[in-house]
Number of protein chains: 2
Amino acid sequence: MAREILYLEIARALRDQLGSEGYGPGQLLPSEGSLASTFGVSRVTVRKALERLTAEGLIDSRQGFGWFVVAVPLRQSLDTLTTIDAQFEAAGRRPERRLLKFSFTRPEPRARAVLGCNSTLLVSRLNLADDEPIGRNSAWVPQDLALDLTRRSVEQHSLHELLGLVLAGATQVVTAVGSSPEDSVLLGISIGTPLLQINRVTRDKRARPVLYSEAVYNPLMTEFVTELPAASIESAGLRVVQGA
Amino acid sequence: MAREILYLEIARALRDQLGSEGYGPGQLLPSEGSLASTFGVSRVTVRKALERLTAEGLIDSRQGFGWFVVAVPLRQSLDTLTTIDAQFEAAGRRPERRLLKFSFTRPEPRARAVLGCNSTLLVSRLNLADDEPIGRNSAWVPQDLALDLTRRSVEQHSLHELLGLVLAGATQVVTAVGSSPEDSVLLGISIGTPLLQINRVTRDKRARPVLYSEAVYNPLMTEFVTELPAASIESAGLRVVQGA
DNA sequence: GTTTGAACTTGTATTGCAGTTGTCTAGTAT
DNA sequence: ATACTAGACAACTGCAATACAAGTTCAAAC
């Protein structure tokens, strides 16, 4: 019933192979020509599939040399549209994460209160689509969970993927704020422009907070959507701000 | 005997298919042409159905590429949609609904695109807590469902209670906007102040939209909270704004 | 050991065609 | 006025086919 796009199917097939035996990091892939003949498509189509995997940070290439693996897929949920980046890609735009901060610091009071630890890694990133700034995301990770993270990896993947968390739940608080002077520069907007602010606490399966993030997004390009099935008391809804 | 509206029937058929097997987020729909031939209608009619589903936030399209799923409608029993008033009462404050508009009118284009009918009741109310304005809520109800509503009743009860329907789900879209001149007067704030805007589509158990509401709230006094259990981690999140 | 060059590889164009969405216009029926 | 059909055209995408430039590898020739 549903249509299929050839190069997306090939990208999916290759992605599956990368995770299987025999394809570790550094391994050379078959040439574009041989891939084209084995899949029975043209070289252009193979290249579009390879470029997609490059955007996902799985492979890379050198002219005259070939394509090689740089990482194996972390989680299988790459083809779903759970992250904004995946949605921008589906909409035919080129998402990018630009690293602003990557430092082991004492967390800000809010983050410290949530995570309950004094040494954290602060990762601050600017989200762009087609070189147009979309939003800023600042996240605090407890130091003991952040030792494997590198500057490269956090530019190409979401923290949820990198931390390999078995997500047991998250709480998101959405508010509207006026753009701060810093964010105005980053996002290319004037001070005071309404922004969508999302503060999220992610917990592991033992209900321990493992990630606290504060993000602001330009509401002209993003919106926050919730699907409500069975509304319990703690489900999505407005809440009174304490002390208001 | 009212004539059946073709594109509404087609929209309903497609909406049912989206929830069924094989149609996860990111999946491509058949082309408009093939849909037109399978349903036995013209392409224009298919497009009207697709545009409706777009307004509901279920699908999106790219020129030359096709239509693809961005979210699958959730359908479960839902007996209590939490209201702001309940939250304020729980916080020990005195909520009040002040009626601004109560008129049978043609719905605005956005509401019309979602509800798919030309005659609706528009109920606009100002929400207050302890005589302090906190937000404005405008809701469109299809006329045939609104005949029992009175000015008195909508001031004292939520529309979800009054409609007496078995509501089975809702999709909420949250964005940040600057306060309009009208809302600034109502809420006692200056023009351009960031406000939290919540557009909600409420569906009955057959996943048919029965209520569309647009509300703005002062973020200083309210915030929007979503709890994400591990199972439905995809039910809430950022989404790309159409046409941004 | 160096150099040369053939045979590979990727990078980057181009043309052409079919299929798809976006957007009109004209016309009919209820 | 609204729902619907039929058709036409522009603009975009997917894909094949081809060509050429530029980098890498490797072995034969010097």
# chains A, B, ... in the order shown; residues from 1 in each chain; ligands from 1

call {"tool": "closest_atom_pairs", "arguments": {"of": "chain B", "to": "chain C", "cutoff": "9 Å", "atoms": "only C-alpha atoms (C1' of nucleotides)", "output": "tab-separated table"}}
result
residue	atom	partner	partner_atom	distance
B:Ser31	CA	C:DT20	C1'	6.9
B:Glu32	CA	C:DT20	C1'	8.1
B:Gly33	CA	C:DT20	C1'	8.7
B:Ser61	CA	C:DT21	C1'	8.0
B:Arg62	CA	C:DT21	C1'	6.9
B:Gln63	CA	C:DT21	C1'	4.3
B:Gly64	CA	C:DT20	C1'	4.4
B:Phe65	CA	C:DT20	C1'	5.9
B:Gly66	CA	C:DT20	C1'	6.2
B:Trp67	CA	C:DT21	C1'	8.7

call {"tool": "interface_residues", "arguments": {"of": "chain A", "to": "chain D", "cutoff": "12 Å", "atoms": "only C-alpha atoms (C1' of nucleotides)", "output": "ChimeraX atom specification"}}
result
/A:4-8,36,40-48,61-66,92

call {"tool": "atom_distance", "arguments": {"atom1": "CA of Arg208 (chain A)", "atom2": "CA of Asp144 (chain A)"}}
result
13.6 Å

call {"tool": "atom_distance", "arguments": {"atom1": "CA of Ser37 (chain B)", "atom2": "CA of Ile10 (chain B)"}}
result
12.3 Å

call {"tool": "residues_around", "arguments": {"residues": "region 93-98 of chain A", "least_positions_apart": "5", "cutoff": "9 Å", "atoms": "only C-alpha atoms (C1' of nucleotides)", "output": "VMD selection string"}}
result
chain A and resid 55 84 to 88 124 to 131 154 to 157

call {"tool": "residues_around", "arguments": {"residues": "Leu58 (chain A)", "least_positions_apart": "5", "cutoff": "10 Å", "atoms": "only C-alpha atoms (C1' of nucleotides)", "output": "list of chain:residue names"}}
result
A:Arg15, A:Leu18, A:Pro25, A:Leu50, A:Glu51, A:Arg52, A:Leu53, A:Phe68, A:Val69, A:Val70, A:Ala71, A:Val72, A:Pro73, A:Leu74, A:Gln156

call {"tool": "atom_distance", "arguments": {"atom1": "CA of Ala215 (chain A)", "atom2": "CA of Val201 (chain B)"}}
result
25.7 Å

call {"tool": "closest_residue", "arguments": {"among": "B:Val174, B:Leu186, B:Ala146, B:Leu100", "to": "chain A", "atoms": "only C-alpha atoms"}}
result
B:Val174

call {"tool": "closest_residue", "arguments": {"among": "A:Val173, A:Glu182, A:Pro109, A:Asp204", "to": "chain B", "atoms": "only C-alpha atoms"}}
result
A:Val173

call {"tool": "closest_residue", "arguments": {"among": "A:Asp183, A:Ala2, A:Phe39, A:Tyr23", "to": "chain B", "atoms": "only C-alpha atoms"}}
result
A:Ala2

call {"tool": "residues_around", "arguments": {"residues": "Leu195 (chain A)", "least_positions_apart": "4", "cutoff": "8 Å", "atoms": "only C-alpha atoms (C1' of nucleotides)", "output": "MDAnalysis selection string"}}
result
(chainID A and resid 176:179 216:219) or (chainID B and resid 176:177 194)

call {"tool": "select_by_dssp", "arguments": {"residues": "region 56-224 of chain A", "states": "strand (DSSP E)", "output": "number ranges by chain"}}
result
A: 59-62, 66-69, 95-105, 120-129, 132-142, 169-178, 194-203, 209-217, 222-224

call {"tool": "closest_residue", "arguments": {"among": "A:Gly135, A:Pro181, A:Gly57, A:Gly19", "to": "chain B", "atoms": "only C-alpha atoms"}}
result
A:Gly135

call {"tool": "decode", "arguments": {"residues": "region 26-124 of chain A", "atoms": "C-alpha atoms", "output": "compact mmCIF listing (two decimals), in the first residue's frame"}}
result
# COMPACT_ATOMS: atom_id res chain seq x y z
CA GLY A 26 37.15 1.44 10.49
CA GLN A 27 35.91 -1.28 8.20
CA LEU A 28 35.79 -0.43 4.52
CA LEU A 29 32.49 -0.63 2.70
CA PRO A 30 32.16 -1.98 -0.85
CA SER A 31 32.61 0.63 -3.54
CA GLU A 32 29.68 2.67 -4.74
CA GLY A 33 29.78 0.85 -8.03
CA SER A 34 29.58 -2.62 -6.56
CA LEU A 35 26.86 -1.54 -4.14
CA ALA A 36 24.95 -0.15 -7.09
CA SER A 37 25.15 -3.45 -8.94
CA THR A 38 24.27 -5.60 -5.94
CA PHE A 39 21.23 -3.46 -5.16
CA GLY A 40 20.44 -3.10 -8.83
CA VAL A 41 20.27 0.68 -8.76
CA SER A 42 22.33 3.55 -10.12
CA ARG A 43 25.33 5.06 -8.39
CA VAL A 44 23.40 8.25 -7.69
CA THR A 45 20.87 6.35 -5.62
CA VAL A 46 23.58 4.56 -3.67
CA ARG A 47 25.25 7.89 -2.95
CA LYS A 48 22.02 9.38 -1.61
CA ALA A 49 21.72 6.46 0.77
CA LEU A 50 25.36 6.82 1.83
CA GLU A 51 24.96 10.57 2.34
CA ARG A 52 22.04 9.88 4.63
CA LEU A 53 24.09 7.53 6.75
CA THR A 54 26.84 10.15 6.80
CA ALA A 55 24.37 12.68 8.17
CA GLU A 56 23.53 10.17 10.88
CA GLY A 57 27.21 9.97 11.76
CA LEU A 58 27.57 6.29 10.95
CA ILE A 59 30.00 6.37 8.02
CA ASP A 60 32.41 8.74 6.29
CA SER A 61 34.38 8.80 3.06
CA ARG A 62 37.63 9.98 1.47
CA GLN A 63 37.94 10.75 -2.20
CA GLY A 64 39.76 8.01 -4.05
CA PHE A 65 39.80 5.79 -1.00
CA GLY A 66 36.30 4.70 -0.13
CA TRP A 67 33.58 4.62 2.49
CA PHE A 68 34.35 3.40 5.99
CA VAL A 69 32.46 2.86 9.22
CA VAL A 70 32.95 5.38 12.00
CA ALA A 71 30.29 4.14 14.41
CA VAL A 72 27.72 1.45 14.71
CA PRO A 73 24.10 2.49 15.15
CA LEU A 74 23.30 3.09 18.80
CA ARG A 75 19.61 2.55 18.94
CA GLN A 76 17.20 1.26 16.41
CA SER A 77 14.72 4.11 16.71
CA LEU A 78 16.42 6.26 14.14
CA ASP A 79 13.71 6.01 11.56
CA THR A 80 11.00 7.30 13.84
CA LEU A 81 10.33 10.99 14.14
CA THR A 82 10.86 11.36 17.84
CA THR A 83 13.52 14.04 17.74
CA ILE A 84 13.26 17.43 16.09
CA ASP A 85 16.26 16.66 13.95
CA ALA A 86 14.61 13.57 12.49
CA GLN A 87 11.55 15.65 11.75
CA PHE A 88 13.51 18.33 9.99
CA GLU A 89 15.18 15.64 7.90
CA ALA A 90 11.82 14.19 7.00
CA ALA A 91 10.75 17.67 5.96
CA GLY A 92 13.71 17.81 3.61
CA ARG A 93 15.88 20.15 5.66
CA ARG A 94 19.40 19.74 6.96
CA PRO A 95 19.59 19.70 10.75
CA GLU A 96 22.77 20.53 12.62
CA ARG A 97 23.92 20.63 16.22
CA ARG A 98 26.55 23.27 16.91
CA LEU A 99 28.45 22.89 20.15
CA LEU A 100 28.47 25.97 22.36
CA LYS A 101 29.75 24.60 25.66
CA PHE A 102 31.29 21.32 26.73
CA SER A 103 32.73 21.57 30.21
CA PHE A 104 32.75 19.81 33.52
CA THR A 105 31.37 22.37 35.94
CA ARG A 106 29.39 22.80 39.06
CA PRO A 107 25.77 22.74 37.96
CA GLU A 108 23.51 25.72 38.30
CA PRO A 109 21.28 25.63 41.36
CA ARG A 110 18.25 24.40 39.45
CA ALA A 111 20.15 21.54 37.86
CA ARG A 112 21.88 20.72 41.11
CA ALA A 113 18.59 20.53 42.92
CA VAL A 114 17.26 18.06 40.39
CA LEU A 115 20.28 15.85 39.89
CA GLY A 116 21.53 16.03 43.44
CA CYS A 117 25.21 16.03 42.59
CA ASN A 118 27.92 18.67 42.54
CA SER A 119 29.99 17.63 39.54
CA THR A 120 28.32 17.55 36.17
CA LEU A 121 29.05 17.88 32.48
CA LEU A 122 27.34 20.86 30.88
CA VAL A 123 26.57 20.43 27.22
CA SER A 124 25.13 23.44 25.48
